[in-house]
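Below you'll find the structure, written out as structure tokens, and then a few comments.
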Amino acid sequence: MQLSREELLKAYRDMATIRQFEERVQDEFSKGGIPGFVHLYAGEEASAVGVCTHLGPQDHIASTHRGHGHSIAKGCDPVLMMQELFAKKTGLCGGKGGSMHIADLDRGMLGANGIVGGGPPLVVGAALTAKTLGRNTVAVSFTGDGGSNQGTTFEAMNMAVVLKLPAIFVFENNQYGEGTAFEYAVGSRDIAGRASGFGLPAVKVSGEDFFEVHEAAREAVERARTGGGPSAIEVDTCRFYGHHSGDAQLYRAKDEVRRLREDRDCLKHFRRRVGEAGLLDGTELDRVESEVAALIDRAVEAARAAPLPDTDALLRDVYVSY
Amino acid sequence: MALKSIRQALNEALAQEMRRDPRVVVIGEDVAGGAGSQGQRDAYGGVLGVTKGLFGEFGEGRVIDTPITESAIMGAAAGAAVTGLRPVAELMFCDFLGVCFDQILNQAAKFRYMFGGKAKTPLVIRTMIGAGRSAAAQHSQSLYHIFTSVPGLKCVVPSNAYDAKGLLIQAIRDDDPVIFCEHKLMYDLRTEVPDEPYTIPFGEANILRDGDDVTVVALSRMVHYADEAIDTLANEGIVCELIDPRTTSPLDEDTILESVERTGRLVVVDEATPRCGMAADIAALVADKAFASLKAPVKRVTAPHTPVPFAPSLEKLYIPSPERIADAVREVHGYNR
């Protein structure tokens, strides 16, 4: 499918926003401004953006502990996200969720998830809502290669097939579940193949190629929207940081990340492709990069300046009423 | 008013709420039954028949048979609740909590808090509890204390058909996740139940008998055993107050405390195991907030700290009996310091 200039620019802006957000989070985390843990998505941007480009605010996604990229791609405000990471009152979740539980229900973002494999059953539920109420929406779960091994994921895929739901299971194979390699941990070494065993159409795409992800997602979303049931997509991708920020990454080869940044950077790939095709030139993309940089600066400044949660927030919002 | 069983009362509550609100769906294993088979649909209507007939009226789109897949059922129900449905999911036996707790504990219970108050999760999980059918260790537990201990969940433990209907309708209309615990030996128990829909608020205990000598707090099936014991004790001149909390989360602390402040003596009866359970919780509440009123130690009558045995002879010993309850009341009543 041919993308318009505006669509291409939007896709690049989203990917660049994710990249710069994550690199800045790495800096700010190292400086101590961000409590807890952060799991960075840099390197995987084409997956989130390639899929979410096909979704509207009424469609749902569920994410993982590595959720910043999915959130940005689904339309969450990076300024409010940064405030959430800084544990501030004005953050997207009032400072009570943090990086691992960032969510924005108004934008159909059902949450990052601290539980590996926590999301796929929730997406089955969102897809069930769509089917039951006759909404023409779809629901997408993003899961890692680690989460692909969880029983919840298997159960969710089976149930989505049984109930013929508009659900899409995206498996982002970034090659590691924490510090254990995909080659070791996924018995079949074939996540898409395993998904197809559940009766889902499943494809494998390259995660450095935005256009490949975009096309596979287009087919899956169209299938779901037209009553054709669930699909799975395995995105072969990589992460430029460790499992979490601060991970010494002793399990990786010495120059692995350097090589990945050179050879498998989805933003570089995108620039090359649109340049070669004469669709966008470098200056336009550079301008996007500097606009994004200004946005991220603003986000960090706002996050630093924002107030802490009120102390009574501790007891609020456990229940709607109790 | 017509006499109805708990089974009928629950069925009526579900049907009335499904008629009222198209967002209410029933989902679980064999909630209708017969899906994909050569024989009849609605072959089960729930393993003990609670959802029987709903399929005929509401169809497979709202009475949703699932595979045996508790994690997906609970997760789908949680995900559906947070996106606009009001699912009533069935966890056939509460013991199966073991294969799906994440979706309840870490997902449904925490959405609202984690997401800064923006989520509503109007989810009901109906589940069967209780020993007494030789269903042995994995189909007989009473695990409501586990649900009760989780912030974000509400927990309902009805003891009769009237309460069952009103509390289930309340649970379905409630905007928080509610665990609704049905004792498997009480489905045929009849009381007068109005035909029209009504709600019973959560956190309001029912005082079933008035008395000034000893306060007895009992849950679920134990309400009936306590009632039996209290009849016996009345013949001995001991007059007990019987309180059924009806919901363990929220818990009506005031009613329990007011009663103990008057009687000074408390027995708590709970079919669950004793450690970290409702009996311990209520005893601690009273020790903390009504210590000065106590004239005797608080007695807990519970199951022992064991799995539920299979042999009927042993299971009978496991479940608190009216005799054990009466003994505990006598001990508390006769205590003088």
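Each chain in the structure tokens gets a letter, A, B and so on, in the order shown; residues start at 1 in every chain, and ligands are counted from 1 in the order they appear.
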Quick one: contact table of chain A to chain B, 7 Å max, nearest atom pair and distance in Å to one decimal per residue, counting only C-alpha atoms, chain and number order, as JSON lines?
```
{"residue": "A:Cys93", "atom": "CA", "partner": "B:Gly116", "partner_atom": "CA", "distance": 4.1}
{"residue": "A:Gly94", "atom": "CA", "partner": "B:Gly116", "partner_atom": "CA", "distance": 5.0}
{"residue": "A:Lys96", "atom": "CA", "partner": "B:Met114", "partner_atom": "CA", "distance": 5.4}
{"residue": "A:Gly97", "atom": "CA", "partner": "B:Met114", "partner_atom": "CA", "distance": 4.4}
{"residue": "A:His101", "atom": "CA", "partner": "B:Met114", "partner_atom": "CA", "distance": 6.3}
{"residue": "A:Ile102", "atom": "CA", "partner": "B:Phe115", "partner_atom": "CA", "distance": 6.9}
{"residue": "A:Ala103", "atom": "CA", "partner": "B:Phe115", "partner_atom": "CA", "distance": 6.0}
{"residue": "A:Pro121", "atom": "CA", "partner": "B:Gly75", "partner_atom": "CA", "distance": 4.5}
{"residue": "A:Leu122", "atom": "CA", "partner": "B:Gly79", "partner_atom": "CA", "distance": 4.0}
{"residue": "A:Val123", "atom": "CA", "partner": "B:Gly79", "partner_atom": "CA", "distance": 6.2}
{"residue": "A:Val124", "atom": "CA", "partner": "B:Ala76", "partner_atom": "CA", "distance": 5.1}
{"residue": "A:Gly125", "atom": "CA", "partner": "B:Ala76", "partner_atom": "CA", "distance": 3.6}
{"residue": "A:Ala126", "atom": "CA", "partner": "B:Ala80", "partner_atom": "CA", "distance": 4.9}
{"residue": "A:Leu128", "atom": "CA", "partner": "B:Ala80", "partner_atom": "CA", "distance": 6.3}
{"residue": "A:Thr129", "atom": "CA", "partner": "B:Ala80", "partner_atom": "CA", "distance": 5.3}
{"residue": "A:Thr132", "atom": "CA", "partner": "B:Gly61", "partner_atom": "CA", "distance": 6.5}
{"residue": "A:Thr152", "atom": "CA", "partner": "B:Ser71", "partner_atom": "CA", "distance": 6.0}
{"residue": "A:Glu155", "atom": "CA", "partner": "B:Ala72", "partner_atom": "CA", "distance": 5.5}
{"residue": "A:Ala156", "atom": "CA", "partner": "B:Ala72", "partner_atom": "CA", "distance": 5.3}
{"residue": "A:Met159", "atom": "CA", "partner": "B:Ala72", "partner_atom": "CA", "distance": 6.9}
{"residue": "A:Asp317", "atom": "CA", "partner": "B:Gly117", "partner_atom": "CA", "distance": 4.9}
{"residue": "A:Val318", "atom": "CA", "partner": "B:Tyr113", "partner_atom": "CA", "distance": 5.1}
{"residue": "A:Tyr319", "atom": "CA", "partner": "B:Gly152", "partner_atom": "CA", "distance": 5.7}
{"residue": "A:Val320", "atom": "CA", "partner": "B:Asp176", "partner_atom": "CA", "distance": 6.2}
{"residue": "A:Tyr322", "atom": "CA", "partner": "B:Pro250", "partner_atom": "CA", "distance": 6.5}
```
Residue contacts of Gly75 in chain A (9 Å, only C-alpha atoms) excluding same-chain residues fewer than 5 positions away, as a short mmCIF file (atom, residue, chain, number, x, y, z; two decimals) with N, CA and C atoms, in the first residue's frame:
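Once written, part_31.cif looks like this:
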```cif
data_model
loop_
_atom_site.label_atom_id
_atom_site.label_comp_id
_atom_site.auth_asym_id
_atom_site.auth_seq_id
_atom_site.Cartn_x
_atom_site.Cartn_y
_atom_site.Cartn_z
N ASP A 14 6.60 9.70 14.76
CA ASP A 14 6.30 8.79 15.88
C ASP A 14 7.52 7.95 16.24
N CYS A 52 0.44 0.49 14.89
CA CYS A 52 -0.53 1.46 15.41
C CYS A 52 -0.99 2.48 14.36
N PRO A 57 -8.31 5.88 17.77
CA PRO A 57 -8.41 5.98 19.24
C PRO A 57 -9.40 4.99 19.86
N HIS A 70 4.82 1.69 22.51
CA HIS A 70 3.43 1.41 22.14
C HIS A 70 2.54 2.58 22.55
N ASP A 104 -3.59 4.80 29.07
CA ASP A 104 -4.41 5.94 28.68
C ASP A 104 -5.66 5.38 28.01
N ARG A 107 -7.33 6.82 24.94
CA ARG A 107 -6.70 6.56 23.65
C ARG A 107 -6.61 5.07 23.35
N GLY A 108 -7.37 4.28 24.10
CA GLY A 108 -7.41 2.84 23.83
C GLY A 108 -6.15 2.10 24.24
N MET A 109 -5.37 2.73 25.12
CA MET A 109 -4.13 2.10 25.57
C MET A 109 -4.41 1.47 26.92
#
```
For Ala164 in chain B, which residue among B:Ser220, B:Thr148, B:Ser140, B:Thr273 is the nearest when counting only C-alpha atoms?
B:Ser220
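Separating CA of His139 in chain B from CA of Gln40 in chain B is a distance of 26.9 Å.
CA of Val267 in chain B sits 17.6 Å away from CA of His145 in chain B.
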Name the residues in contact with Leu266 in chain B at a cut-off of 9 Å, using only C-alpha atoms, excluding same-chain residues fewer than 4 positions from it; report them as a VMD selection string.
chain B and resid 214 to 217 259 to 260 283 286 294 296 to 300 329 332
Give me the residues within 9 Å of Arg221 in chain B as a PyMOL selection string, counting only C-alpha atoms and dropping any in the same chain fewer than 5 places off.
chain B and resi 130+158-160+183+185-186+226+270-271
Looking only at strand (DSSP E or B) from DSSP on the backbone, list the matching residues of range 108-149 of chain B as number ranges by chain.
B: 124-129
Same residues, C-alpha atoms, output as a PDB file, in the first residue's frame:
```pdb
ATOM      1  CA  VAL B 124     -18.343 -10.067  38.496  1.00  0.00           C
ATOM      2  CA  ILE B 125     -16.667 -13.409  39.059  1.00  0.00           C
ATOM      3  CA  ARG B 126     -19.133 -16.027  40.276  1.00  0.00           C
ATOM      4  CA  THR B 127     -17.392 -18.931  41.937  1.00  0.00           C
ATOM      5  CA  MET B 128     -18.300 -22.022  43.938  1.00  0.00           C
ATOM      6  CA  ILE B 129     -16.914 -22.558  47.413  1.00  0.00           C
TER       7      ILE B 129
END
```
If I take CA of Asp145 in chain A and CA of Glu256 in chain A, how far is one from the other in Å, to one decimal?
18.6 Å
Taking only C-alpha atoms into account, which of A:Lys31, A:Arg261, A:Arg272, A:Arg5 comes nearest Gly43 in chain A?
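Closest residue, counting only C-alpha atoms: A:Arg261.
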Which of A:Leu55, A:Leu163, A:Cys76, A:Cys238 sits closest to Arg225 in chain A [using only C-alpha atoms]:
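Closest to Arg225 in chain A of all the choices is A:Leu55.
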Apply DSSP to the structure's backbone, then extract all residues of range 123-269 of chain B labelled helix (DSSP H, G or I) and return them as a PyMOL selection string.
chain B and resi 144-148+161-173+222-235+253-263
Please dump the current selection as a tab-separated table (two decimals), in the first residue's frame; keep N, CA and C atoms.
```
chain	number	residue	atom	x	y	z
B	144	TYR	N	-12.45	-17.26	50.10
B	144	TYR	CA	-12.83	-15.83	50.03
B	144	TYR	C	-11.87	-14.94	50.79
B	145	HIS	N	-11.18	-15.50	51.78
B	145	HIS	CA	-10.24	-14.64	52.51
B	145	HIS	C	-9.10	-14.17	51.61
B	146	ILE	N	-8.75	-14.97	50.61
B	146	ILE	CA	-7.69	-14.55	49.69
B	146	ILE	C	-8.17	-13.35	48.87
B	147	PHE	N	-9.38	-13.44	48.34
B	147	PHE	CA	-9.93	-12.31	47.58
B	147	PHE	C	-10.08	-11.08	48.48
B	148	THR	N	-10.54	-11.33	49.70
B	148	THR	CA	-10.79	-10.23	50.64
B	148	THR	C	-9.51	-9.44	50.92
B	161	ALA	N	-31.21	-17.24	49.68
B	161	ALA	CA	-31.64	-16.88	48.32
B	161	ALA	C	-32.00	-15.41	48.21
B	162	TYR	N	-32.63	-14.86	49.25
B	162	TYR	CA	-32.99	-13.44	49.19
B	162	TYR	C	-31.73	-12.59	49.03
B	163	ASP	N	-30.75	-12.85	49.88
B	163	ASP	CA	-29.49	-12.09	49.80
B	163	ASP	C	-28.79	-12.36	48.47
B	164	ALA	N	-28.81	-13.61	48.04
B	164	ALA	CA	-28.09	-13.98	46.82
B	164	ALA	C	-28.58	-13.15	45.65
B	165	LYS	N	-29.90	-13.00	45.52
B	165	LYS	CA	-30.42	-12.23	44.38
B	165	LYS	C	-30.06	-10.75	44.50
B	166	GLY	N	-30.32	-10.19	45.66
B	166	GLY	CA	-30.06	-8.75	45.83
B	166	GLY	C	-28.59	-8.40	45.74
B	167	LEU	N	-27.75	-9.28	46.25
B	167	LEU	CA	-26.31	-9.01	46.21
B	167	LEU	C	-25.74	-9.23	44.81
B	168	LEU	N	-26.30	-10.21	44.06
B	168	LEU	CA	-25.79	-10.42	42.70
B	168	LEU	C	-26.18	-9.25	41.79
B	169	ILE	N	-27.39	-8.76	41.96
B	169	ILE	CA	-27.78	-7.59	41.15
B	169	ILE	C	-26.90	-6.39	41.52
B	170	GLN	N	-26.65	-6.22	42.80
B	170	GLN	CA	-25.74	-5.14	43.22
B	170	GLN	C	-24.36	-5.33	42.60
B	171	ALA	N	-23.89	-6.57	42.61
B	171	ALA	CA	-22.55	-6.86	42.06
B	171	ALA	C	-22.48	-6.51	40.58
B	172	ILE	N	-23.54	-6.85	39.84
B	172	ILE	CA	-23.54	-6.58	38.40
B	172	ILE	C	-23.59	-5.08	38.13
B	173	ARG	N	-24.30	-4.35	38.98
B	173	ARG	CA	-24.41	-2.89	38.76
B	173	ARG	C	-23.21	-2.14	39.35
B	222	MET	N	-22.03	-21.50	57.14
B	222	MET	CA	-21.87	-21.54	58.58
B	222	MET	C	-22.93	-20.72	59.30
B	223	VAL	N	-23.59	-19.81	58.58
B	223	VAL	CA	-24.70	-19.07	59.18
B	223	VAL	C	-25.77	-20.07	59.64
B	224	HIS	N	-26.01	-21.10	58.84
B	224	HIS	CA	-27.06	-22.06	59.16
B	224	HIS	C	-26.65	-22.98	60.30
B	225	TYR	N	-25.38	-23.37	60.31
B	225	TYR	CA	-24.89	-24.18	61.43
B	225	TYR	C	-24.91	-23.38	62.73
B	226	ALA	N	-24.55	-22.11	62.63
B	226	ALA	CA	-24.57	-21.26	63.82
B	226	ALA	C	-26.01	-21.11	64.32
B	227	ASP	N	-26.92	-20.95	63.39
B	227	ASP	CA	-28.34	-20.80	63.75
B	227	ASP	C	-28.83	-22.03	64.51
B	228	GLU	N	-28.42	-23.20	64.03
B	228	GLU	CA	-28.78	-24.45	64.69
B	228	GLU	C	-28.21	-24.50	66.11
B	229	ALA	N	-26.95	-24.12	66.22
B	229	ALA	CA	-26.30	-24.13	67.54
B	229	ALA	C	-26.99	-23.16	68.48
B	230	ILE	N	-27.39	-22.01	67.93
B	230	ILE	CA	-28.01	-20.98	68.78
B	230	ILE	C	-29.37	-21.45	69.30
B	231	ASP	N	-30.09	-22.26	68.49
B	231	ASP	CA	-31.35	-22.87	68.96
B	231	ASP	C	-31.09	-23.74	70.19
B	232	THR	N	-30.07	-24.58	70.08
B	232	THR	CA	-29.72	-25.46	71.20
B	232	THR	C	-29.37	-24.65	72.44
B	233	LEU	N	-28.56	-23.59	72.22
B	233	LEU	CA	-28.09	-22.79	73.35
B	233	LEU	C	-29.24	-22.03	74.02
B	234	ALA	N	-30.23	-21.65	73.19
B	234	ALA	CA	-31.38	-20.94	73.75
B	234	ALA	C	-32.07	-21.79	74.81
B	235	ASN	N	-32.10	-23.09	74.56
B	235	ASN	CA	-32.70	-24.00	75.53
B	235	ASN	C	-31.93	-24.04	76.84
B	253	GLU	N	-17.86	-3.38	59.71
B	253	GLU	CA	-17.19	-3.43	61.01
B	253	GLU	C	-18.09	-2.90	62.11
B	254	ASP	N	-18.85	-1.86	61.79
B	254	ASP	CA	-19.65	-1.20	62.83
B	254	ASP	C	-20.65	-2.15	63.48
B	255	THR	N	-21.34	-2.92	62.65
B	255	THR	CA	-22.36	-3.82	63.20
B	255	THR	C	-21.72	-4.85	64.14
B	256	ILE	N	-20.57	-5.36	63.73
B	256	ILE	CA	-19.88	-6.34	64.58
B	256	ILE	C	-19.42	-5.68	65.89
B	257	LEU	N	-18.82	-4.51	65.79
B	257	LEU	CA	-18.30	-3.83	66.98
B	257	LEU	C	-19.43	-3.42	67.93
B	258	GLU	N	-20.51	-2.91	67.37
B	258	GLU	CA	-21.64	-2.51	68.23
B	258	GLU	C	-22.18	-3.70	69.01
B	259	SER	N	-22.25	-4.83	68.33
B	259	SER	CA	-22.77	-6.02	69.00
B	259	SER	C	-21.83	-6.48	70.11
B	260	VAL	N	-20.54	-6.52	69.80
B	260	VAL	CA	-19.58	-7.00	70.81
B	260	VAL	C	-19.50	-6.02	71.98
B	261	GLU	N	-19.66	-4.74	71.70
B	261	GLU	CA	-19.66	-3.77	72.80
B	261	GLU	C	-20.81	-4.04	73.76
B	262	ARG	N	-21.87	-4.61	73.24
B	262	ARG	CA	-23.03	-4.94	74.09
B	262	ARG	C	-22.85	-6.30	74.77
B	263	THR	N	-22.41	-7.30	74.03
B	263	THR	CA	-22.34	-8.66	74.59
B	263	THR	C	-21.01	-8.92	75.31
```
Using only C-alpha atoms, which residues sit within 8 Å of Gly147 in chain A once same-chain residues fewer than 4 positions away are excluded, as a ChimeraX atom specification?
/A:116-117,143,153
